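my_file_31.cif follows; it contains mmCIF, C-alpha atoms and all ligand atoms.
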```cif
data_input
loop_
_atom_site.label_atom_id
_atom_site.label_comp_id
_atom_site.auth_asym_id
_atom_site.auth_seq_id
_atom_site.Cartn_x
_atom_site.Cartn_y
_atom_site.Cartn_z
CA MET A 1 16.46 6.24 -16.71
CA SER A 2 17.06 3.81 -19.57
CA SER A 3 20.83 4.16 -19.21
CA ASN A 4 20.48 1.74 -16.32
CA PRO A 5 20.30 -1.90 -17.53
CA VAL A 6 17.63 -2.81 -14.96
CA ALA A 7 15.51 0.14 -16.13
CA ALA A 8 15.95 -0.88 -19.76
CA THR A 9 14.85 -4.43 -18.96
CA VAL A 10 11.76 -3.28 -17.05
CA ALA A 11 10.85 -0.98 -19.97
CA SER A 12 11.05 -3.92 -22.37
CA LEU A 13 8.86 -6.02 -20.05
CA MET A 14 6.03 -3.50 -19.86
CA PRO A 15 3.90 -4.88 -22.73
CA ARG A 16 3.90 -8.29 -21.06
CA ALA A 17 3.11 -6.65 -17.71
CA LYS A 18 0.05 -5.03 -19.26
CA GLU A 19 -1.17 -8.38 -20.61
CA GLU A 20 -0.66 -10.00 -17.22
CA LEU A 21 -2.39 -7.23 -15.31
CA THR A 22 -5.29 -7.51 -17.78
CA GLU A 23 -5.61 -11.22 -16.95
CA LEU A 24 -5.42 -10.60 -13.22
CA VAL A 25 -7.91 -7.72 -13.25
CA ALA A 26 -10.42 -9.95 -15.09
CA PHE A 27 -10.87 -12.07 -11.94
CA LYS A 28 -13.67 -10.53 -9.86
CA SER A 29 -11.72 -11.35 -6.73
CA VAL A 30 -13.81 -9.54 -4.12
CA ALA A 31 -13.42 -11.65 -0.97
CA ASP A 32 -17.10 -11.38 -0.08
CA PHE A 33 -18.47 -14.64 -1.40
CA ASP A 34 -22.09 -13.54 -1.01
CA GLN A 35 -21.44 -10.87 -3.62
CA PHE A 36 -18.93 -12.62 -5.91
CA PRO A 37 -18.33 -16.34 -6.35
CA ARG A 38 -15.41 -17.87 -4.50
CA SER A 39 -14.15 -19.26 -7.83
CA GLU A 40 -13.14 -15.73 -8.87
CA SER A 41 -10.80 -15.38 -5.89
CA GLU A 42 -9.53 -18.92 -6.35
CA GLY A 43 -8.78 -18.17 -9.99
CA ALA A 44 -6.71 -15.12 -9.06
CA ALA A 45 -4.83 -17.06 -6.39
CA ARG A 46 -4.07 -19.87 -8.85
CA TRP A 47 -2.90 -17.34 -11.45
CA ILE A 48 -0.40 -15.88 -8.98
CA ALA A 49 0.80 -19.30 -7.82
CA ASP A 50 1.44 -20.26 -11.44
CA ALA A 51 3.29 -17.00 -12.09
CA LEU A 52 5.55 -17.58 -9.07
CA THR A 53 6.25 -21.16 -10.14
CA ALA A 54 7.15 -19.92 -13.62
CA GLU A 55 9.65 -17.50 -12.02
CA GLY A 56 11.45 -20.40 -10.31
CA PHE A 57 9.83 -20.01 -6.89
CA GLN A 58 9.78 -23.05 -4.61
CA GLU A 59 7.35 -24.11 -1.89
CA VAL A 60 4.59 -22.30 -3.80
CA ALA A 61 1.39 -22.85 -1.84
CA LEU A 62 -2.15 -21.60 -1.43
CA LEU A 63 -2.47 -21.10 2.31
CA ASP A 64 -5.93 -21.57 3.80
CA THR A 65 -6.25 -18.72 6.28
CA PRO A 66 -8.67 -18.86 9.23
CA ASP A 67 -11.14 -16.45 7.59
CA GLY A 68 -11.85 -18.92 4.79
CA THR A 69 -9.74 -17.22 2.12
CA GLN A 70 -6.38 -18.11 0.59
CA SER A 71 -3.05 -16.33 0.62
CA VAL A 72 -0.42 -17.25 -1.97
CA TYR A 73 3.10 -17.95 -0.73
CA GLY A 74 6.36 -18.66 -2.54
CA TYR A 75 10.08 -18.76 -1.77
CA LEU A 76 12.90 -17.97 -4.18
CA PRO A 77 16.24 -18.97 -2.69
CA GLY A 78 19.15 -16.59 -3.28
CA PRO A 79 22.89 -16.96 -2.79
CA GLU A 80 24.03 -18.63 0.43
CA GLY A 81 24.22 -16.26 3.36
CA ALA A 82 22.18 -13.60 1.59
CA ARG A 83 19.59 -11.46 3.36
CA THR A 84 15.90 -12.38 3.08
CA VAL A 85 13.30 -9.92 1.79
CA LEU A 86 9.54 -10.47 2.05
CA LEU A 87 7.42 -8.90 -0.68
CA TYR A 88 3.74 -8.33 0.13
CA ALA A 89 0.70 -7.55 -2.01
CA HIS A 90 -2.96 -8.57 -2.02
CA TYR A 91 -5.07 -9.92 -4.88
CA ASP A 92 -8.50 -9.29 -3.42
CA VAL A 93 -10.15 -6.03 -4.43
CA GLN A 94 -12.86 -3.67 -3.29
CA PRO A 95 -16.26 -4.27 -4.90
CA PRO A 96 -16.75 -2.14 -8.02
CA LEU A 97 -19.57 -0.16 -6.33
CA ASP A 98 -21.86 1.46 -8.87
CA GLU A 99 -20.90 -0.28 -12.13
CA SER A 100 -22.72 2.36 -14.15
CA GLY A 101 -20.36 4.96 -12.64
CA TRP A 102 -17.43 3.32 -14.46
CA THR A 103 -16.52 4.76 -17.86
CA THR A 104 -15.34 1.29 -18.94
CA PRO A 105 -16.16 -2.09 -17.33
CA PRO A 106 -14.42 -2.46 -13.94
CA PHE A 107 -12.98 -5.91 -14.62
CA GLU A 108 -11.66 -5.14 -18.11
CA LEU A 109 -8.33 -3.35 -18.05
CA THR A 110 -8.73 -0.40 -20.43
CA GLU A 111 -6.11 2.14 -21.47
CA ARG A 112 -7.26 5.74 -21.55
CA ASP A 113 -5.24 8.97 -21.50
CA GLY A 114 -2.08 7.12 -20.54
CA ARG A 115 -3.56 5.27 -17.57
CA TRP A 116 -4.82 1.71 -17.17
CA TYR A 117 -8.34 1.60 -15.73
CA GLY A 118 -9.87 -1.30 -13.84
CA ARG A 119 -10.67 -2.44 -10.30
CA GLY A 120 -7.45 -3.49 -8.57
CA THR A 121 -5.09 -2.05 -11.17
CA ALA A 122 -3.44 0.02 -8.42
CA ASP A 123 -4.81 -1.61 -5.25
CA CYS A 124 -3.22 -4.06 -5.32
CA LYS A 125 -2.96 -6.34 -8.35
CA GLY A 126 -0.54 -3.82 -9.83
CA GLY A 127 1.58 -4.49 -6.74
CA VAL A 128 1.74 -8.17 -7.66
CA ILE A 129 2.95 -7.23 -11.15
CA MET A 130 5.47 -4.76 -9.65
CA HIS A 131 7.06 -7.57 -7.62
CA LEU A 132 7.19 -9.85 -10.69
CA LEU A 133 8.76 -7.11 -12.85
CA ALA A 134 11.43 -6.33 -10.26
CA LEU A 135 12.44 -9.98 -9.96
CA ARG A 136 12.43 -10.54 -13.74
CA ALA A 137 14.63 -7.52 -14.30
CA LEU A 138 17.17 -8.83 -11.80
CA ARG A 139 17.11 -12.34 -13.25
CA ALA A 140 17.80 -10.88 -16.71
CA ASP A 141 20.74 -8.91 -15.37
CA GLY A 142 22.85 -11.15 -13.15
CA GLY A 143 20.28 -12.79 -10.89
CA VAL A 144 18.30 -12.11 -7.73
CA PRO A 145 20.89 -11.43 -5.01
CA VAL A 146 18.66 -12.05 -1.95
CA HIS A 147 16.35 -14.77 -0.71
CA VAL A 148 12.85 -13.65 -1.64
CA LYS A 149 9.59 -14.61 0.01
CA VAL A 150 6.37 -13.47 -1.61
CA ILE A 151 3.04 -13.37 0.21
CA VAL A 152 -0.11 -12.25 -1.60
CA GLU A 153 -3.13 -11.91 0.65
CA GLY A 154 -6.67 -12.82 -0.38
CA SER A 155 -8.81 -10.76 1.99
CA GLU A 156 -7.03 -7.50 2.81
CA GLU A 157 -9.98 -5.31 1.87
CA GLN A 158 -12.37 -7.27 4.09
CA GLY A 159 -10.39 -6.66 7.28
CA THR A 160 -11.10 -10.21 8.40
CA GLY A 161 -7.51 -10.70 9.54
CA GLY A 162 -6.97 -14.11 7.94
CA LEU A 163 -3.32 -13.62 7.07
CA GLU A 164 -2.55 -11.95 10.40
CA ARG A 165 -3.82 -14.94 12.31
CA TYR A 166 -2.14 -17.39 9.93
CA ALA A 167 1.19 -15.61 10.39
CA GLU A 168 0.83 -15.73 14.17
CA GLU A 169 0.11 -19.46 14.01
CA HIS A 170 3.11 -20.05 11.69
CA PRO A 171 5.63 -17.58 13.09
CA ASP A 172 8.58 -18.88 11.03
CA LEU A 173 6.88 -18.62 7.66
CA LEU A 174 7.36 -14.92 6.94
CA THR A 175 10.64 -14.24 8.76
CA ALA A 176 12.72 -11.72 6.83
CA ASP A 177 15.34 -9.04 7.26
CA ALA A 178 13.26 -6.52 5.35
CA VAL A 179 9.63 -6.40 4.27
CA VAL A 180 8.34 -4.43 1.28
CA ILE A 181 4.60 -3.85 1.56
CA GLY A 182 3.56 -2.99 -2.00
CA ASP A 183 0.18 -1.62 -0.98
CA ALA A 184 0.85 2.08 -0.30
CA GLY A 185 1.52 4.85 -2.79
CA ASN A 186 3.54 7.88 -3.75
CA PHE A 187 2.35 11.17 -2.28
CA ARG A 188 1.72 12.21 -5.85
CA ALA A 189 2.63 10.58 -9.17
CA GLY A 190 6.31 11.11 -9.88
CA LEU A 191 7.30 11.83 -6.27
CA PRO A 192 8.92 8.68 -4.80
CA THR A 193 7.52 8.19 -1.33
CA VAL A 194 7.86 5.65 1.45
CA THR A 195 5.13 5.55 4.05
CA SER A 196 7.10 5.27 7.26
CA THR A 197 4.47 5.66 9.97
CA LEU A 198 0.90 4.56 10.54
CA ARG A 199 -1.36 5.81 13.29
CA GLY A 200 -2.84 3.27 15.63
CA MET A 201 -6.41 3.40 16.86
CA THR A 202 -8.70 2.64 19.73
CA LEU A 203 -12.47 2.31 19.81
CA VAL A 204 -14.38 3.06 23.00
CA ARG A 205 -18.11 2.93 23.72
CA VAL A 206 -19.43 5.31 26.36
CA SER A 207 -22.85 4.98 28.00
CA VAL A 208 -24.48 7.66 30.16
CA ASP A 209 -27.53 7.03 32.40
CA THR A 210 -29.38 9.57 34.52
CA LEU A 211 -32.98 8.45 35.04
CA GLU A 212 -34.99 5.28 35.45
CA GLY A 213 -36.90 6.17 32.31
CA ASN A 214 -37.58 9.00 29.86
CA LEU A 215 -39.61 11.93 31.22
CA HIS A 216 -41.91 14.51 29.64
CA SER A 217 -39.74 17.53 28.80
CA GLY A 218 -42.54 20.00 29.65
CA GLN A 219 -43.27 18.54 33.05
CA PHE A 220 -39.69 17.68 34.12
CA GLY A 221 -37.35 19.50 31.73
CA GLY A 222 -35.15 22.10 33.42
CA ALA A 223 -34.35 20.12 36.53
CA ALA A 224 -34.34 16.49 35.41
CA PRO A 225 -30.79 15.44 34.40
CA ASP A 226 -30.76 14.76 30.67
CA ALA A 227 -28.46 11.88 29.66
CA LEU A 228 -28.16 13.09 26.08
CA ALA A 229 -27.14 16.57 27.25
CA ALA A 230 -24.55 15.01 29.56
CA LEU A 231 -23.19 12.95 26.67
CA VAL A 232 -23.02 15.98 24.37
CA ARG A 233 -21.08 17.87 27.02
CA VAL A 234 -18.54 15.10 27.62
CA LEU A 235 -18.06 14.57 23.87
CA ASP A 236 -17.46 18.28 23.41
CA SER A 237 -14.77 18.16 26.10
CA LEU A 238 -12.68 16.04 23.71
CA ARG A 239 -11.97 19.11 21.56
CA ALA A 240 -10.34 22.48 22.06
CA GLU A 241 -11.86 25.64 20.59
CA ASP A 242 -9.89 25.18 17.33
CA GLY A 243 -11.07 21.58 17.03
CA SER A 244 -7.83 19.89 18.14
CA THR A 245 -8.24 16.69 20.08
CA THR A 246 -7.88 17.12 23.84
CA VAL A 247 -7.79 13.92 25.86
CA ASP A 248 -6.59 14.59 29.40
CA GLY A 249 -2.97 13.44 29.75
CA LEU A 250 -2.50 12.58 26.07
CA SER A 251 0.14 14.68 24.35
CA ALA A 252 -1.05 16.33 21.15
CA ASP A 253 1.85 18.52 20.09
CA SER A 254 4.10 16.17 18.09
CA ALA A 255 5.45 17.49 14.80
CA TRP A 256 5.82 15.66 11.49
CA ASP A 257 9.36 15.97 10.13
CA GLY A 258 8.90 14.40 6.67
CA LEU A 259 6.95 15.51 3.62
CA GLN A 260 4.50 18.39 4.22
CA TYR A 261 0.89 18.40 3.06
CA ASP A 262 -0.13 21.71 1.49
CA ASP A 263 -3.26 23.22 3.14
CA ASP A 264 -4.99 23.99 -0.17
CA GLN A 265 -4.19 20.55 -1.55
CA PHE A 266 -5.64 18.99 1.59
CA ARG A 267 -8.81 21.08 1.29
CA LYS A 268 -9.16 19.86 -2.27
CA ASP A 269 -8.42 16.21 -1.46
CA ALA A 270 -10.83 16.27 1.49
CA LYS A 271 -13.46 18.16 -0.54
CA VAL A 272 -13.96 20.74 2.23
CA LEU A 273 -16.83 23.12 1.50
CA ASP A 274 -16.02 26.77 0.71
CA GLY A 275 -15.79 28.92 3.80
CA VAL A 276 -15.43 25.98 6.20
CA GLU A 277 -12.20 25.96 8.23
CA LEU A 278 -9.84 23.05 8.76
CA ILE A 279 -9.69 22.01 12.41
CA GLY A 280 -6.75 21.36 14.70
CA SER A 281 -3.38 23.04 15.13
CA GLY A 282 0.07 22.63 13.60
CA THR A 283 0.63 21.74 9.96
CA VAL A 284 -1.77 19.44 8.15
CA ALA A 285 0.89 16.71 8.24
CA ASP A 286 1.22 17.18 12.03
CA ARG A 287 -2.53 16.81 12.44
CA ILE A 288 -3.12 13.73 10.29
CA TRP A 289 0.14 11.81 10.81
CA ALA A 290 1.71 12.89 14.12
CA ARG A 291 -1.13 13.83 16.48
CA PRO A 292 -4.15 12.10 18.01
CA ALA A 293 -7.54 12.57 16.38
CA VAL A 294 -10.86 11.79 17.97
CA THR A 295 -13.98 11.08 15.91
CA VAL A 296 -17.46 10.33 17.23
CA LEU A 297 -18.56 7.48 14.96
CA GLY A 298 -22.09 7.14 16.22
CA ILE A 299 -24.55 8.28 18.87
CA ASP A 300 -27.53 6.29 20.09
CA CYS A 301 -30.34 8.74 20.75
CA PRO A 302 -33.81 9.22 19.28
CA PRO A 303 -33.80 10.08 15.56
CA VAL A 304 -35.44 13.36 14.56
CA VAL A 305 -38.30 11.67 12.76
CA GLY A 306 -40.59 10.26 15.40
CA ALA A 307 -38.94 12.11 18.28
CA THR A 308 -41.18 12.82 21.27
CA PRO A 309 -40.99 15.66 23.86
CA SER A 310 -38.80 13.67 26.26
CA VAL A 311 -35.85 14.14 28.57
CA GLN A 312 -33.59 11.20 27.74
CA ALA A 313 -32.72 8.72 30.47
CA SER A 314 -29.82 7.08 28.58
CA ALA A 315 -27.52 7.81 25.67
CA ARG A 316 -24.38 6.26 24.28
CA ALA A 317 -21.69 6.95 21.71
CA LEU A 318 -18.94 5.11 19.87
CA ILE A 319 -15.68 7.02 19.80
CA SER A 320 -12.62 6.38 17.65
CA LEU A 321 -9.26 7.76 18.68
CA ARG A 322 -6.39 7.65 16.14
CA VAL A 323 -3.20 7.16 18.11
CA PRO A 324 0.02 8.77 16.84
CA PRO A 325 3.29 6.84 16.49
CA GLY A 326 5.22 6.79 19.76
CA VAL A 327 2.08 6.47 21.90
CA ASP A 328 1.02 3.09 23.24
CA ALA A 329 -2.54 2.33 22.13
CA ALA A 330 -3.41 0.71 25.47
CA GLU A 331 -2.26 3.81 27.31
CA ALA A 332 -4.27 6.03 24.95
CA THR A 333 -7.33 3.85 25.56
CA ALA A 334 -6.93 4.15 29.32
CA LEU A 335 -6.56 7.94 29.08
CA LEU A 336 -9.63 8.26 26.87
CA ARG A 337 -11.73 6.15 29.22
CA ALA A 338 -10.55 8.09 32.27
CA HIS A 339 -11.31 11.37 30.50
CA LEU A 340 -14.85 10.29 29.60
CA GLU A 341 -15.54 8.99 33.08
CA SER A 342 -14.19 12.03 34.93
CA ARG A 343 -15.63 14.70 32.60
CA THR A 344 -19.21 13.45 32.52
CA PRO A 345 -21.19 16.18 34.34
CA TRP A 346 -23.89 16.20 37.03
CA GLY A 347 -22.89 12.95 38.64
CA ALA A 348 -24.45 11.06 35.73
CA ARG A 349 -23.68 7.36 35.71
CA VAL A 350 -21.07 6.70 33.06
CA SER A 351 -19.45 3.52 31.87
CA THR A 352 -16.90 2.91 29.12
CA GLU A 353 -15.94 -0.18 27.21
CA GLN A 354 -13.03 -0.81 24.88
CA ILE A 355 -14.27 -2.23 21.56
CA GLY A 356 -11.05 -2.47 19.56
CA GLN A 357 -7.44 -1.36 19.51
CA GLY A 358 -4.43 -1.36 17.17
CA GLN A 359 -0.90 -0.08 17.74
CA ALA A 360 0.71 2.70 15.73
CA PHE A 361 3.72 1.87 13.60
CA ARG A 362 6.93 3.77 13.00
CA ALA A 363 9.85 2.49 10.93
CA ASP A 364 13.49 3.23 11.67
CA THR A 365 14.22 5.30 8.59
CA THR A 366 17.97 5.27 9.24
CA SER A 367 18.18 1.50 8.78
CA PRO A 368 20.13 -0.15 5.92
CA ALA A 369 16.88 -1.03 4.16
CA TYR A 370 15.71 2.59 4.11
CA ARG A 371 19.11 3.79 2.89
CA ALA A 372 19.03 1.20 0.10
CA MET A 373 15.50 2.25 -0.91
CA ALA A 374 16.51 5.93 -0.95
CA GLU A 375 19.38 5.11 -3.28
CA ALA A 376 17.16 2.98 -5.53
CA MET A 377 14.39 5.58 -5.76
CA ALA A 378 16.85 8.32 -6.67
CA VAL A 379 17.87 6.24 -9.71
CA ALA A 380 14.33 5.22 -10.66
CA TYR A 381 13.05 8.80 -10.35
CA PRO A 382 15.88 10.94 -11.72
CA GLY A 383 16.11 14.33 -10.07
CA GLN A 384 13.88 13.32 -7.14
CA GLU A 385 14.70 12.35 -3.59
CA MET A 386 12.79 9.77 -1.58
CA GLN A 387 10.15 11.39 0.66
CA PHE A 388 8.64 10.19 3.91
CA ALA A 389 4.90 10.33 4.35
CA GLY A 390 2.68 9.01 7.11
CA GLN A 391 -0.65 7.35 6.89
CA GLY A 392 -3.48 8.30 9.16
CA GLY A 393 -5.09 4.88 9.07
CA SER A 394 -3.73 1.54 10.18
CA ILE A 395 -2.60 -1.62 8.36
CA PRO A 396 -3.06 -4.44 10.86
CA LEU A 397 -0.67 -6.81 9.05
CA CYS A 398 2.11 -4.25 9.56
CA ASN A 399 1.62 -4.49 13.30
CA THR A 400 1.50 -8.27 13.16
CA LEU A 401 4.80 -8.42 11.24
CA ALA A 402 6.41 -5.76 13.42
CA ALA A 403 5.40 -7.72 16.53
CA LEU A 404 6.50 -11.10 15.15
CA TYR A 405 9.77 -9.84 13.66
CA PRO A 406 10.84 -6.79 15.64
CA LYS A 407 14.20 -6.64 13.82
CA ALA A 408 12.72 -6.63 10.31
CA GLU A 409 12.65 -3.29 8.52
CA ILE A 410 9.23 -2.61 7.00
CA LEU A 411 8.91 -0.35 3.95
CA LEU A 412 5.56 0.68 2.48
CA ILE A 413 5.58 1.64 -1.19
CA GLY A 414 3.11 1.16 -4.02
CA LEU A 415 0.96 2.37 -6.85
CA SER A 416 -1.88 4.06 -4.95
CA GLU A 417 -1.01 7.70 -5.64
CA PRO A 418 -4.01 10.08 -5.40
CA GLU A 419 -4.93 9.91 -9.10
CA ALA A 420 -5.36 6.14 -8.80
CA ARG A 421 -8.65 6.73 -6.94
CA ILE A 422 -8.42 3.41 -5.14
CA HIS A 423 -11.67 2.08 -3.63
CA ALA A 424 -13.67 4.49 -5.86
CA VAL A 425 -15.20 4.01 -9.30
CA ASN A 426 -12.78 4.39 -12.23
CA GLU A 427 -9.73 3.15 -10.31
CA SER A 428 -6.61 3.26 -12.47
CA VAL A 429 -2.87 2.78 -12.37
CA SER A 430 -0.18 4.87 -14.01
CA PRO A 431 1.98 2.54 -16.13
CA ASP A 432 4.81 5.01 -15.65
CA GLU A 433 4.58 4.60 -11.87
CA LEU A 434 4.44 0.81 -12.28
CA GLU A 435 7.59 0.93 -14.38
CA ARG A 436 9.54 3.25 -12.09
CA LEU A 437 8.54 1.54 -8.87
CA SER A 438 9.48 -1.85 -10.33
CA VAL A 439 12.90 -0.42 -11.18
CA ALA A 440 13.15 1.03 -7.68
CA GLU A 441 12.23 -2.30 -6.09
CA ALA A 442 14.77 -4.21 -8.23
CA LEU A 443 17.57 -1.76 -7.42
CA PHE A 444 16.55 -1.80 -3.77
CA LEU A 445 16.94 -5.59 -3.65
CA ARG A 446 20.35 -5.34 -5.27
CA THR A 447 21.66 -2.51 -3.08
CA TYR A 448 20.24 -4.03 0.09
CA ALA A 449 21.84 -7.39 -0.78
CA SER A 450 25.25 -5.90 -1.33
CA GLY A 451 25.26 -4.61 2.25
CA ALA A 452 27.44 -1.75 1.00
CA ASN A 453 24.97 0.88 2.14
ZN ZN B 501 -4.71 -2.30 -0.82
#
```
So that I can check it, write out the structure of this file as structure tokens.
Ligand SMILES: [Zn+2]
Amino acid sequence: MSSNPVAATVASLMPRAKEELTELVAFKSVADFDQFPRSESEGAARWIADALTAEGFQEVALLDTPDGTQSVYGYLPGPEGARTVLLYAHYDVQPPLDESGWTTPPFELTERDGRWYGRGTADCKGGVIMHLLALRALRADGGVPVHVKVIVEGSEEQGTGGLERYAEEHPDLLTADAVVIGDAGNFRAGLPTVTSTLRGMTLVRVSVDTLEGNLHSGQFGGAAPDALAALVRVLDSLRAEDGSTTVDGLSADSAWDGLQYDDDQFRKDAKVLDGVELIGSGTVADRIWARPAVTVLGIDCPPVVGATPSVQASARALISLRVPPGVDAAEATALLRAHLESRTPWGARVSTEQIGQGQAFRADTTSPAYRAMAEAMAVAYPGQEMQFAGQGGSIPLCNTLAALYPKAEILLIGLSEPEARIHAVNESVSPDELERLSVAEALFLRTYASGAN
């Protein structure tokens, strides 16, 4: 790899990158100001603003987003007529959870067995450093050939949507030809991966009523219509025998054509108990990235402790449906509601309510940006080819950007490979991944700028 001048520069910048990541990790920037003082987040934001200014960025600003946090923005102009690339990361982190579960203190970057431990090292303060490294390597070797916008969010982990709403209110701010979201990860360390699809989701609440009030199960049970039994039956109708999701009218046979997820690896990652089968049909990748998945998130019914001998008059449940790419979330919501309403037995009164909804996302992987990234990753990871993975969850900002800038190509890369254990205790980043992905990002910017691909 070091035969490439950009790679050699990034390698020489790694000691400084470690110092910088150490400084950034030291801010306890959890965007829940009841748990951690606001000054910690403000310190991290200021650190990033200063770093961008030092790199020659203009218009550097701390943007006050509607959720009461700050996103950091900066603009680095490139040559006239060049394409514009938006680089995204976030500086807020998950809380450390059980601090005694950490081998070394969560907010002190510590090297151990070739990895750097600390909250946010991978998710996503390492992403901030990755962007800085890529730009520095280009500046040291002929300059940055595109216009670059950087946006670093301050409340991604809270899901409060501050940056999404800010972007909608300032639709010109983040316009770009391509967007690199530095908040995903390789499928495993050493295997360069772009996440090219995200499932959408819908949340529906279903309520079933059968009686004016609860009845004694000895006196009335057997003929009195039980609302909880009706709910159980309608919930069960959402699954086939093998556990696949079956919502009337919703197709569930799409196939995933990128990277495959080995069954045994999945069992291990999901910590499935011995002897328990996986559910669904098709490959694991089909099931988690290309097909719908229903999950009952909660049921309102009497808890076991304190339960009385009663036939229940009412019961309700909250249902999540993950919506595969290519399916409109609103249509999936309508199908789910119709299914629940028509499949509830015994003429029980049923009502459904939509609680939330987010669209799925699918990138055009044949676009110039994807071709440029494939070329760049092949250089940064010698002997490897870029892989496509999906993500079963959603990233709302992705949808916001895709809706605001339908022509922009969105690429999700990052440092959160499985060993990074993001969101858990003992989060860490692989410095090797940081180095290679920074090289990949730098070469991507150069190849994408040249327009030769
Ligand atoms: Zn993240």
key: Contact residues around Gln58 (chain A) with all atoms listed in the file at 8 Å, ignoring same-chain residues under 6 positions, as a ChimeraX atom specification   = /A:74-77
message = From the options A:Gln312, A:Gln94, A:Ser430, A:Ser394, which residue's atoms come nearest to ligand ZN 501 (chain B), counting all atoms listed in the file?
response = A:Gln94
request  = Compile the contact shell of Tyr166 (chain A) as a list of chain:residue names: residues with an atom at most 7 Å away, counting all atoms listed in the file, same-chain residues fewer than 3 positions apart removed.
outcome  = A:Thr65, A:Pro66, A:Gly162, A:Leu163, A:Glu169, A:His170
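For the pair CA of Phe27 (chain A) and CA of Arg421 (chain A), the separation is 19.6 Å.
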request  = Just give me the residues with any atom within 7 Å of (5.5, -4.9, -13.5), file coordinates, counting all atoms listed in the file, written as number ranges by chain.
outcome  = A: 14, 17, 129-134, 434-435, 438
Shell of 10 Å around ligand ZN 501 (chain B) (all atoms listed in the file), written as a short mmCIF file (atom, residue, chain, number, x, y, z; two decimals) with C-alpha atoms, in the coordinates of the input:
```
data_model
loop_
_atom_site.label_atom_id
_atom_site.label_comp_id
_atom_site.auth_asym_id
_atom_site.auth_seq_id
_atom_site.Cartn_x
_atom_site.Cartn_y
_atom_site.Cartn_z
CA ALA A 89 0.70 -7.55 -2.01
CA HIS A 90 -2.96 -8.57 -2.02
CA TYR A 91 -5.07 -9.92 -4.88
CA ASP A 92 -8.50 -9.29 -3.42
CA VAL A 93 -10.15 -6.03 -4.43
CA GLN A 94 -12.86 -3.67 -3.29
CA GLY A 120 -7.45 -3.49 -8.57
CA ALA A 122 -3.44 0.02 -8.42
CA ASP A 123 -4.81 -1.61 -5.25
CA CYS A 124 -3.22 -4.06 -5.32
CA LYS A 125 -2.96 -6.34 -8.35
CA GLY A 127 1.58 -4.49 -6.74
CA GLU A 153 -3.13 -11.91 0.65
CA SER A 155 -8.81 -10.76 1.99
CA GLU A 156 -7.03 -7.50 2.81
CA GLU A 157 -9.98 -5.31 1.87
CA ILE A 181 4.60 -3.85 1.56
CA GLY A 182 3.56 -2.99 -2.00
CA ASP A 183 0.18 -1.62 -0.98
CA ALA A 184 0.85 2.08 -0.30
CA GLY A 185 1.52 4.85 -2.79
CA ILE A 395 -2.60 -1.62 8.36
CA GLY A 414 3.11 1.16 -4.02
CA LEU A 415 0.96 2.37 -6.85
CA SER A 416 -1.88 4.06 -4.95
CA ILE A 422 -8.42 3.41 -5.14
CA HIS A 423 -11.67 2.08 -3.63
#
```
